[in-house]
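Next up, entry-v2.cif (mmCIF, C-alpha atoms, pLDDT in the B column; chains and numbers go by the auth columns):
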data_data
#
loop_
_atom_site.group_PDB
_atom_site.id
_atom_site.type_symbol
_atom_site.label_atom_id
_atom_site.label_comp_id
_atom_site.label_asym_id
_atom_site.label_seq_id
_atom_site.Cartn_x
_atom_site.Cartn_y
_atom_site.Cartn_z
_atom_site.B_iso_or_equiv
_atom_site.auth_seq_id
_atom_site.auth_asym_id
ATOM 1 C CA MET A 1 -1.527 -1.806 46.009 43.00 1 B
ATOM 2 C CA SER A 2 0.588 -1.937 42.881 46.00 2 B
ATOM 3 C CA LEU A 3 -0.672 -1.370 39.358 49.00 3 B
ATOM 4 C CA ASN A 4 1.068 -4.608 38.390 50.00 4 B
ATOM 5 C CA THR A 5 -1.162 -6.768 40.551 47.00 5 B
ATOM 6 C CA PRO A 6 -2.038 -10.128 38.954 47.00 6 B
ATOM 7 C CA PHE A 7 -5.705 -9.495 39.699 45.00 7 B
ATOM 8 C CA PRO A 8 -6.912 -6.956 37.132 51.00 8 B
ATOM 9 C CA SER A 9 -10.138 -6.347 39.048 49.00 9 B
ATOM 10 C CA LEU A 10 -8.115 -4.959 41.959 51.00 10 B
ATOM 11 C CA ARG A 11 -6.368 -2.313 39.866 60.00 11 B
ATOM 12 C CA PRO A 12 -7.770 1.201 40.101 68.00 12 B
ATOM 13 C CA VAL A 13 -9.456 2.582 37.016 71.00 13 B
ATOM 14 C CA GLN A 14 -7.418 5.368 35.444 78.00 14 B
ATOM 15 C CA GLN A 15 -8.810 8.875 35.096 80.00 15 B
ATOM 16 C CA GLY A 16 -7.992 8.882 31.377 82.00 16 B
ATOM 17 C CA SER A 17 -10.274 5.890 30.887 85.00 17 B
ATOM 18 C CA LEU A 18 -13.134 7.725 32.584 89.00 18 B
ATOM 19 C CA THR A 19 -12.532 10.809 30.453 91.00 19 B
ATOM 20 C CA GLY A 20 -12.475 8.630 27.344 90.00 20 B
ATOM 21 C CA ILE A 21 -15.772 6.984 28.280 93.00 21 B
ATOM 22 C CA PHE A 22 -17.268 10.421 28.965 94.00 22 B
ATOM 23 C CA LEU A 23 -16.262 11.779 25.536 94.00 23 B
ATOM 24 C CA LEU A 24 -17.150 8.590 23.664 94.00 24 B
ATOM 25 C CA SER A 25 -20.601 8.494 25.251 94.00 25 B
ATOM 26 C CA ALA A 26 -21.191 12.161 24.430 95.00 26 B
ATOM 27 C CA ALA A 27 -20.220 11.660 20.793 94.00 27 B
ATOM 28 C CA THR A 28 -22.373 8.560 20.483 94.00 28 B
ATOM 29 C CA LEU A 29 -25.454 10.301 21.830 93.00 29 B
ATOM 30 C CA VAL A 30 -24.918 13.337 19.585 93.00 30 B
ATOM 31 C CA PHE A 31 -24.850 10.852 16.701 93.00 31 B
ATOM 32 C CA GLU A 32 -28.056 9.201 17.920 92.00 32 B
ATOM 33 C CA ILE A 33 -29.918 12.500 18.227 90.00 33 B
ATOM 34 C CA ASN A 34 -28.775 13.579 14.784 88.00 34 B
ATOM 35 C CA LEU A 35 -30.008 10.252 13.402 88.00 35 B
ATOM 36 C CA PHE A 36 -33.386 10.973 15.006 86.00 36 B
ATOM 37 C CA ARG A 37 -33.512 14.283 13.179 83.00 37 B
ATOM 38 C CA LEU A 38 -32.374 12.789 9.904 82.00 38 B
ATOM 39 C CA PHE A 39 -34.796 9.862 9.950 80.00 39 B
ATOM 40 C CA SER A 40 -37.734 11.984 11.061 79.00 40 B
ATOM 41 C CA VAL A 41 -37.308 14.170 7.973 78.00 41 B
ATOM 42 C CA ALA A 42 -36.084 11.632 5.411 74.00 42 B
ATOM 43 C CA GLN A 43 -38.265 8.641 6.361 70.00 43 B
ATOM 44 C CA PHE A 44 -41.043 10.323 8.357 71.00 44 B
ATOM 45 C CA TYR A 45 -41.414 10.165 12.096 71.00 45 B
ATOM 46 C CA HIS A 46 -42.228 6.459 12.442 71.00 46 B
ATOM 47 C CA PHE A 47 -38.782 5.459 11.145 73.00 47 B
ATOM 48 C CA ALA A 48 -37.146 7.822 13.631 74.00 48 B
ATOM 49 C CA PHE A 49 -38.080 5.344 16.352 79.00 49 B
ATOM 50 C CA LEU A 50 -35.874 2.830 14.578 84.00 50 B
ATOM 51 C CA ILE A 51 -32.897 4.679 16.048 88.00 51 B
ATOM 52 C CA VAL A 52 -33.691 3.500 19.577 90.00 52 B
ATOM 53 C CA SER A 53 -33.638 -0.106 18.410 91.00 53 B
ATOM 54 C CA LEU A 54 -30.363 0.552 16.536 91.00 54 B
ATOM 55 C CA ALA A 55 -28.730 1.769 19.740 93.00 55 B
ATOM 56 C CA LEU A 56 -30.097 -1.182 21.692 94.00 56 B
ATOM 57 C CA LEU A 57 -28.892 -3.583 18.991 95.00 57 B
ATOM 58 C CA GLY A 58 -25.371 -2.132 19.138 95.00 58 B
ATOM 59 C CA TYR A 59 -25.196 -2.203 22.922 95.00 59 B
ATOM 60 C CA GLY A 60 -26.726 -5.682 23.081 96.00 60 B
ATOM 61 C CA ALA A 61 -24.297 -7.006 20.462 97.00 61 B
ATOM 62 C CA SER A 62 -21.384 -5.597 22.445 96.00 62 B
ATOM 63 C CA GLY A 63 -22.586 -7.344 25.594 94.00 63 B
ATOM 64 C CA THR A 64 -22.973 -10.577 23.645 96.00 64 B
ATOM 65 C CA PHE A 65 -19.451 -10.181 22.267 96.00 65 B
ATOM 66 C CA LEU A 66 -18.002 -9.644 25.738 94.00 66 B
ATOM 67 C CA ALA A 67 -19.943 -12.651 27.062 94.00 67 B
ATOM 68 C CA LEU A 68 -18.751 -14.907 24.229 95.00 68 B
ATOM 69 C CA PHE A 69 -15.123 -13.802 24.624 93.00 69 B
ATOM 70 C CA PRO A 70 -14.771 -13.238 28.378 88.00 70 B
ATOM 71 C CA THR A 71 -10.978 -12.881 28.394 87.00 71 B
ATOM 72 C CA TRP A 72 -10.787 -10.448 25.454 87.00 72 B
ATOM 73 C CA GLY A 73 -9.085 -7.224 26.497 82.00 73 B
ATOM 74 C CA ARG A 74 -9.182 -7.910 30.224 82.00 74 B
ATOM 75 C CA GLN A 75 -5.446 -7.631 30.887 81.00 75 B
ATOM 76 C CA GLN A 76 -4.937 -4.031 29.745 79.00 76 B
ATOM 77 C CA PRO A 77 -8.257 -2.432 28.821 79.00 77 B
ATOM 78 C CA GLN A 78 -6.803 1.077 28.871 79.00 78 B
ATOM 79 C CA HIS A 79 -4.855 0.140 25.718 84.00 79 B
ATOM 80 C CA LEU A 80 -8.075 -0.859 23.945 88.00 80 B
ATOM 81 C CA LEU A 81 -10.041 2.311 24.661 88.00 81 B
ATOM 82 C CA PRO A 82 -8.239 4.482 22.081 90.00 82 B
ATOM 83 C CA PRO A 83 -8.721 1.955 19.228 92.00 83 B
ATOM 84 C CA LEU A 84 -12.363 1.434 20.231 92.00 84 B
ATOM 85 C CA SER A 85 -12.899 5.198 20.264 90.00 85 B
ATOM 86 C CA ILE A 86 -11.220 5.578 16.881 93.00 86 B
ATOM 87 C CA ALA A 87 -13.322 2.741 15.463 94.00 87 B
ATOM 88 C CA SER A 88 -16.467 4.440 16.734 92.00 88 B
ATOM 89 C CA ALA A 89 -15.328 7.795 15.374 91.00 89 B
ATOM 90 C CA LEU A 90 -14.693 6.251 11.952 94.00 90 B
ATOM 91 C CA CYS A 91 -17.960 4.304 11.926 94.00 91 B
ATOM 92 C CA ILE A 92 -20.084 7.381 12.593 92.00 92 B
ATOM 93 C CA PRO A 93 -19.336 9.229 9.315 92.00 93 B
ATOM 94 C CA ILE A 94 -18.993 6.006 7.301 94.00 94 B
ATOM 95 C CA SER A 95 -22.397 4.740 8.401 92.00 95 B
ATOM 96 C CA TYR A 96 -23.909 8.164 7.808 88.00 96 B
ATOM 97 C CA LEU A 97 -22.420 8.360 4.300 91.00 97 B
ATOM 98 C CA LEU A 98 -23.522 4.795 3.548 89.00 98 B
ATOM 99 C CA THR A 99 -27.114 5.525 4.495 86.00 99 B
ATOM 100 C CA ASN A 100 -27.089 8.645 2.300 84.00 100 B
ATOM 101 C CA TRP A 101 -25.440 6.869 -0.617 89.00 101 B
ATOM 102 C CA LEU A 102 -27.622 3.756 -0.427 86.00 102 B
ATOM 103 C CA SER A 103 -31.063 5.273 -0.311 82.00 103 B
ATOM 104 C CA PHE A 104 -33.904 3.440 1.413 81.00 104 B
ATOM 105 C CA ASP A 105 -37.441 3.899 0.093 78.00 105 B
ATOM 106 C CA SER A 106 -39.979 2.792 2.687 74.00 106 B
ATOM 107 C CA TYR A 107 -42.877 3.093 0.241 77.00 107 B
ATOM 108 C CA SER A 108 -41.506 0.496 -2.165 83.00 108 B
ATOM 109 C CA ILE A 109 -40.412 -2.085 0.402 80.00 109 B
ATOM 110 C CA ALA A 110 -43.477 -4.247 -0.355 82.00 110 B
ATOM 111 C CA ILE A 111 -42.750 -4.474 -4.095 88.00 111 B
ATOM 112 C CA ASP A 112 -38.950 -4.130 -4.242 86.00 112 B
ATOM 113 C CA ARG A 113 -37.147 -6.826 -2.228 86.00 113 B
ATOM 114 C CA ARG A 114 -33.854 -4.941 -2.524 90.00 114 B
ATOM 115 C CA GLN A 115 -35.245 -2.435 -0.040 88.00 115 B
ATOM 116 C CA VAL A 116 -35.239 -5.121 2.655 88.00 116 B
ATOM 117 C CA ALA A 117 -31.518 -5.701 2.074 90.00 117 B
ATOM 118 C CA ILE A 118 -30.873 -1.950 2.064 89.00 118 B
ATOM 119 C CA LEU A 119 -32.741 -1.600 5.358 86.00 119 B
ATOM 120 C CA ALA A 120 -30.672 -4.446 6.833 89.00 120 B
ATOM 121 C CA LEU A 121 -27.444 -2.748 5.682 92.00 121 B
ATOM 122 C CA HIS A 122 -28.607 0.536 7.221 89.00 122 B
ATOM 123 C CA TYR A 123 -29.413 -1.272 10.439 90.00 123 B
ATOM 124 C CA ILE A 124 -26.002 -2.959 10.690 93.00 124 B
ATOM 125 C CA ALA A 125 -24.020 0.128 9.669 93.00 125 B
ATOM 126 C CA LEU A 126 -25.837 2.491 12.007 93.00 126 B
ATOM 127 C CA ALA A 127 -25.633 0.097 14.976 95.00 127 B
ATOM 128 C CA THR A 128 -21.841 -0.238 14.696 95.00 128 B
ATOM 129 C CA PRO A 129 -20.869 2.970 16.594 95.00 129 B
ATOM 130 C CA PHE A 130 -23.121 1.894 19.470 96.00 130 B
ATOM 131 C CA PHE A 131 -21.398 -1.505 19.410 97.00 131 B
ATOM 132 C CA PHE A 132 -17.965 0.049 19.947 95.00 132 B
ATOM 133 C CA ASN A 133 -19.261 2.327 22.707 94.00 133 B
ATOM 134 C CA GLY A 134 -20.866 -0.652 24.422 95.00 134 B
ATOM 135 C CA ILE A 135 -17.641 -2.659 24.189 95.00 135 B
ATOM 136 C CA ALA A 136 -15.653 0.170 25.787 93.00 136 B
ATOM 137 C CA VAL A 137 -18.086 0.697 28.664 93.00 137 B
ATOM 138 C CA GLY A 138 -18.721 -3.023 29.175 93.00 138 B
ATOM 139 C CA LEU A 139 -15.025 -3.838 29.189 92.00 139 B
ATOM 140 C CA LEU A 140 -14.295 -1.250 31.844 90.00 140 B
ATOM 141 C CA LEU A 141 -17.244 -2.415 33.939 90.00 141 B
ATOM 142 C CA ALA A 142 -16.050 -6.027 33.695 89.00 142 B
ATOM 143 C CA VAL A 143 -12.422 -5.279 34.536 88.00 143 B
ATOM 144 C CA TYR A 144 -13.018 -2.683 37.266 88.00 144 B
ATOM 145 C CA PRO A 145 -16.162 -3.765 39.134 87.00 145 B
ATOM 146 C CA GLN A 146 -15.103 -1.817 42.223 89.00 146 B
ATOM 147 C CA ALA A 147 -15.235 1.400 40.155 88.00 147 B
ATOM 148 C CA SER A 148 -18.539 0.646 38.439 89.00 148 B
ATOM 149 C CA GLY A 149 -20.169 3.711 39.998 92.00 149 B
ATOM 150 C CA ARG A 150 -17.503 6.037 38.604 92.00 150 B
ATOM 151 C CA ILE A 151 -17.551 4.347 35.184 93.00 151 B
ATOM 152 C CA TYR A 152 -21.313 4.492 34.996 93.00 152 B
ATOM 153 C CA ALA A 153 -21.264 8.138 36.151 94.00 153 B
ATOM 154 C CA ALA A 154 -18.797 9.046 33.389 94.00 154 B
ATOM 155 C CA ASN A 155 -21.006 7.239 30.884 94.00 155 B
ATOM 156 C CA LEU A 156 -24.177 8.997 32.057 95.00 156 B
ATOM 157 C CA LEU A 157 -22.529 12.424 32.222 96.00 157 B
ATOM 158 C CA GLY A 158 -21.309 11.877 28.667 95.00 158 B
ATOM 159 C CA PHE A 159 -24.869 11.072 27.655 94.00 159 B
ATOM 160 C CA VAL A 160 -26.045 14.280 29.341 95.00 160 B
ATOM 161 C CA LEU A 161 -23.496 16.303 27.376 94.00 161 B
ATOM 162 C CA GLY A 162 -24.503 14.425 24.223 93.00 162 B
ATOM 163 C CA CYS A 163 -28.137 15.455 24.789 91.00 163 B
ATOM 164 C CA TRP A 164 -27.313 19.034 25.675 92.00 164 B
ATOM 165 C CA LEU A 165 -25.020 19.823 22.720 89.00 165 B
ATOM 166 C CA PRO A 166 -27.575 19.228 19.924 86.00 166 B
ATOM 167 C CA TRP A 167 -30.210 21.087 21.946 84.00 167 B
ATOM 168 C CA ARG A 168 -27.908 24.042 22.634 83.00 168 B
ATOM 169 C CA TYR A 169 -26.499 24.308 19.103 80.00 169 B
ATOM 170 C CA ARG A 170 -29.547 23.257 17.078 76.00 170 B
ATOM 171 C CA LEU A 171 -29.974 24.530 13.583 57.00 171 B
ATOM 172 C CA PRO A 172 -32.740 27.087 12.988 51.00 172 B
#

Will you turn the file into structure tokens for me?
Amino acid sequence: MSLNTPFPSLRPVQQGSLTGIFLLSAATLVFEINLFRLFSVAQFYHFAFLIVSLALLGYGASGTFLALFPTWGRQQPQHLLPPLSIASALCIPISYLLTNWLSFDSYSIAIDRRQVAILALHYIALATPFFFNGIAVGLLLAVYPQASGRIYAANLLGFVLGCWLPWRYRLP
């Protein structure tokens, strides 16, 4: 079978794509765990649970995007993985800096309506890295359904590494 087959779903997934998914998933989960730590200290523990919904929002939005634009990136997905990874890598520090610069005060949300807008901006900014990760994984799963086990394994192993790194190198 040739790599130039007109049926993209019959092409084999490249090892570099699996490595990219592995590293992108690890970085995204390290970001999520660090957000848990940040929100549990800065906004108390009950806002730390917001991070799970941020991740789900980003992944859900990426699935919605891929469903609304079913032909987007299907011809050569391996060329889209580096830009998606770079976009995720840029969104992580930008969203982190934005949330530090634009402070959210949960105690004044009932009397200061600007806090609702600030919370919405935090939500959108912090969900963006998960969006790009979801696009990368979802695109590969859509284009290479025969390799879904390997793609999903790379994603899950990246998540394992992303959980292990903050635990192993935690601050005292």

Report task. Fewer than 3 positions away in the same chain doesn't count, so skip those; otherwise give me all residues within 12 Å of range 163-165 of chain B, counting all atoms listed in the file, as number ranges by chain. Result -> B: 25-34, 36, 156-160, 168-171

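Across the structure, CA of Leu139 in chain B and CA of Ala125 in chain B are spaced 21.9 Å apart.
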
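Taking CA of Pro82 in chain B and CA of Tyr144 in chain B as endpoints, the distance between them is 17.5 Å.
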
Pick out the residues sitting within 10 Å of Ala87 in chain B, and hand them over as a PDB file with C-alpha atoms, in the frame of the given file; count all atoms listed in the file, and ignore anything fewer than 3 positions along from it in its own chain.
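Listed below is the output, result_32.pdb:
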ATOM      1  CA  LEU B  81     -10.041   2.311  24.661  1.00 88.00           C
ATOM      2  CA  PRO B  82      -8.239   4.482  22.081  1.00 90.00           C
ATOM      3  CA  PRO B  83      -8.721   1.955  19.228  1.00 92.00           C
ATOM      4  CA  LEU B  84     -12.363   1.434  20.231  1.00 92.00           C
ATOM      5  CA  LEU B  90     -14.693   6.251  11.952  1.00 94.00           C
ATOM      6  CA  CYS B  91     -17.960   4.304  11.926  1.00 94.00           C
ATOM      7  CA  ILE B  92     -20.084   7.381  12.593  1.00 92.00           C
ATOM      8  CA  THR B 128     -21.841  -0.238  14.696  1.00 95.00           C
ATOM      9  CA  PRO B 129     -20.869   2.970  16.594  1.00 95.00           C
ATOM     10  CA  PHE B 131     -21.398  -1.505  19.410  1.00 97.00           C
ATOM     11  CA  PHE B 132     -17.965   0.049  19.947  1.00 95.00           C
ATOM     12  CA  ASN B 133     -19.261   2.327  22.707  1.00 94.00           C
TER      13      ASN B 133
END

Requested in this report: Could you tell me which residues the PyMOL selection byres ((chain B and resi 95) around 10) grabs in this file, written as a ChimeraX atom specification?
Outcome: /B:90-94,96-101,121-129

Place N, CA and C atoms on range 154-168 of chain B and deliver the coordinates as a CSV table (one decimal), keeping the file's coordinate frame.
chain,number,residue,atom,x,y,z
B,154,ALA,N,-19.4,8.4,34.6
B,154,ALA,CA,-18.8,9.0,33.4
B,154,ALA,C,-19.6,8.8,32.1
B,155,ASN,N,-20.2,7.6,32.0
B,155,ASN,CA,-21.0,7.2,30.9
B,155,ASN,C,-22.3,8.1,30.9
B,156,LEU,N,-22.9,8.2,32.0
B,156,LEU,CA,-24.2,9.0,32.1
B,156,LEU,C,-23.9,10.5,31.9
B,157,LEU,N,-22.8,11.0,32.4
B,157,LEU,CA,-22.5,12.4,32.2
B,157,LEU,C,-22.2,12.7,30.8
B,158,GLY,N,-21.5,11.7,30.1
B,158,GLY,CA,-21.3,11.9,28.7
B,158,GLY,C,-22.6,11.9,27.9
B,159,PHE,N,-23.6,11.1,28.3
B,159,PHE,CA,-24.9,11.1,27.7
B,159,PHE,C,-25.6,12.4,27.9
B,160,VAL,N,-25.4,13.0,29.1
B,160,VAL,CA,-26.0,14.3,29.3
B,160,VAL,C,-25.5,15.3,28.4
B,161,LEU,N,-24.1,15.3,28.3
B,161,LEU,CA,-23.5,16.3,27.4
B,161,LEU,C,-23.9,16.0,25.9
B,162,GLY,N,-24.1,14.8,25.6
B,162,GLY,CA,-24.5,14.4,24.2
B,162,GLY,C,-25.9,14.9,23.9
B,163,CYS,N,-26.8,14.9,25.0
B,163,CYS,CA,-28.1,15.5,24.8
B,163,CYS,C,-28.2,17.0,24.8
B,164,TRP,N,-27.3,17.6,25.6
B,164,TRP,CA,-27.3,19.0,25.7
B,164,TRP,C,-26.7,19.7,24.4
B,165,LEU,N,-25.7,19.2,23.9
B,165,LEU,CA,-25.0,19.8,22.7
B,165,LEU,C,-26.0,20.0,21.5
B,166,PRO,N,-26.7,19.0,21.1
B,166,PRO,CA,-27.6,19.2,19.9
B,166,PRO,C,-28.7,20.2,20.3
B,167,TRP,N,-29.1,20.2,21.5
B,167,TRP,CA,-30.2,21.1,21.9
B,167,TRP,C,-29.7,22.5,22.0
B,168,ARG,N,-28.5,22.7,22.5
B,168,ARG,CA,-27.9,24.0,22.6
B,168,ARG,C,-27.5,24.6,21.3
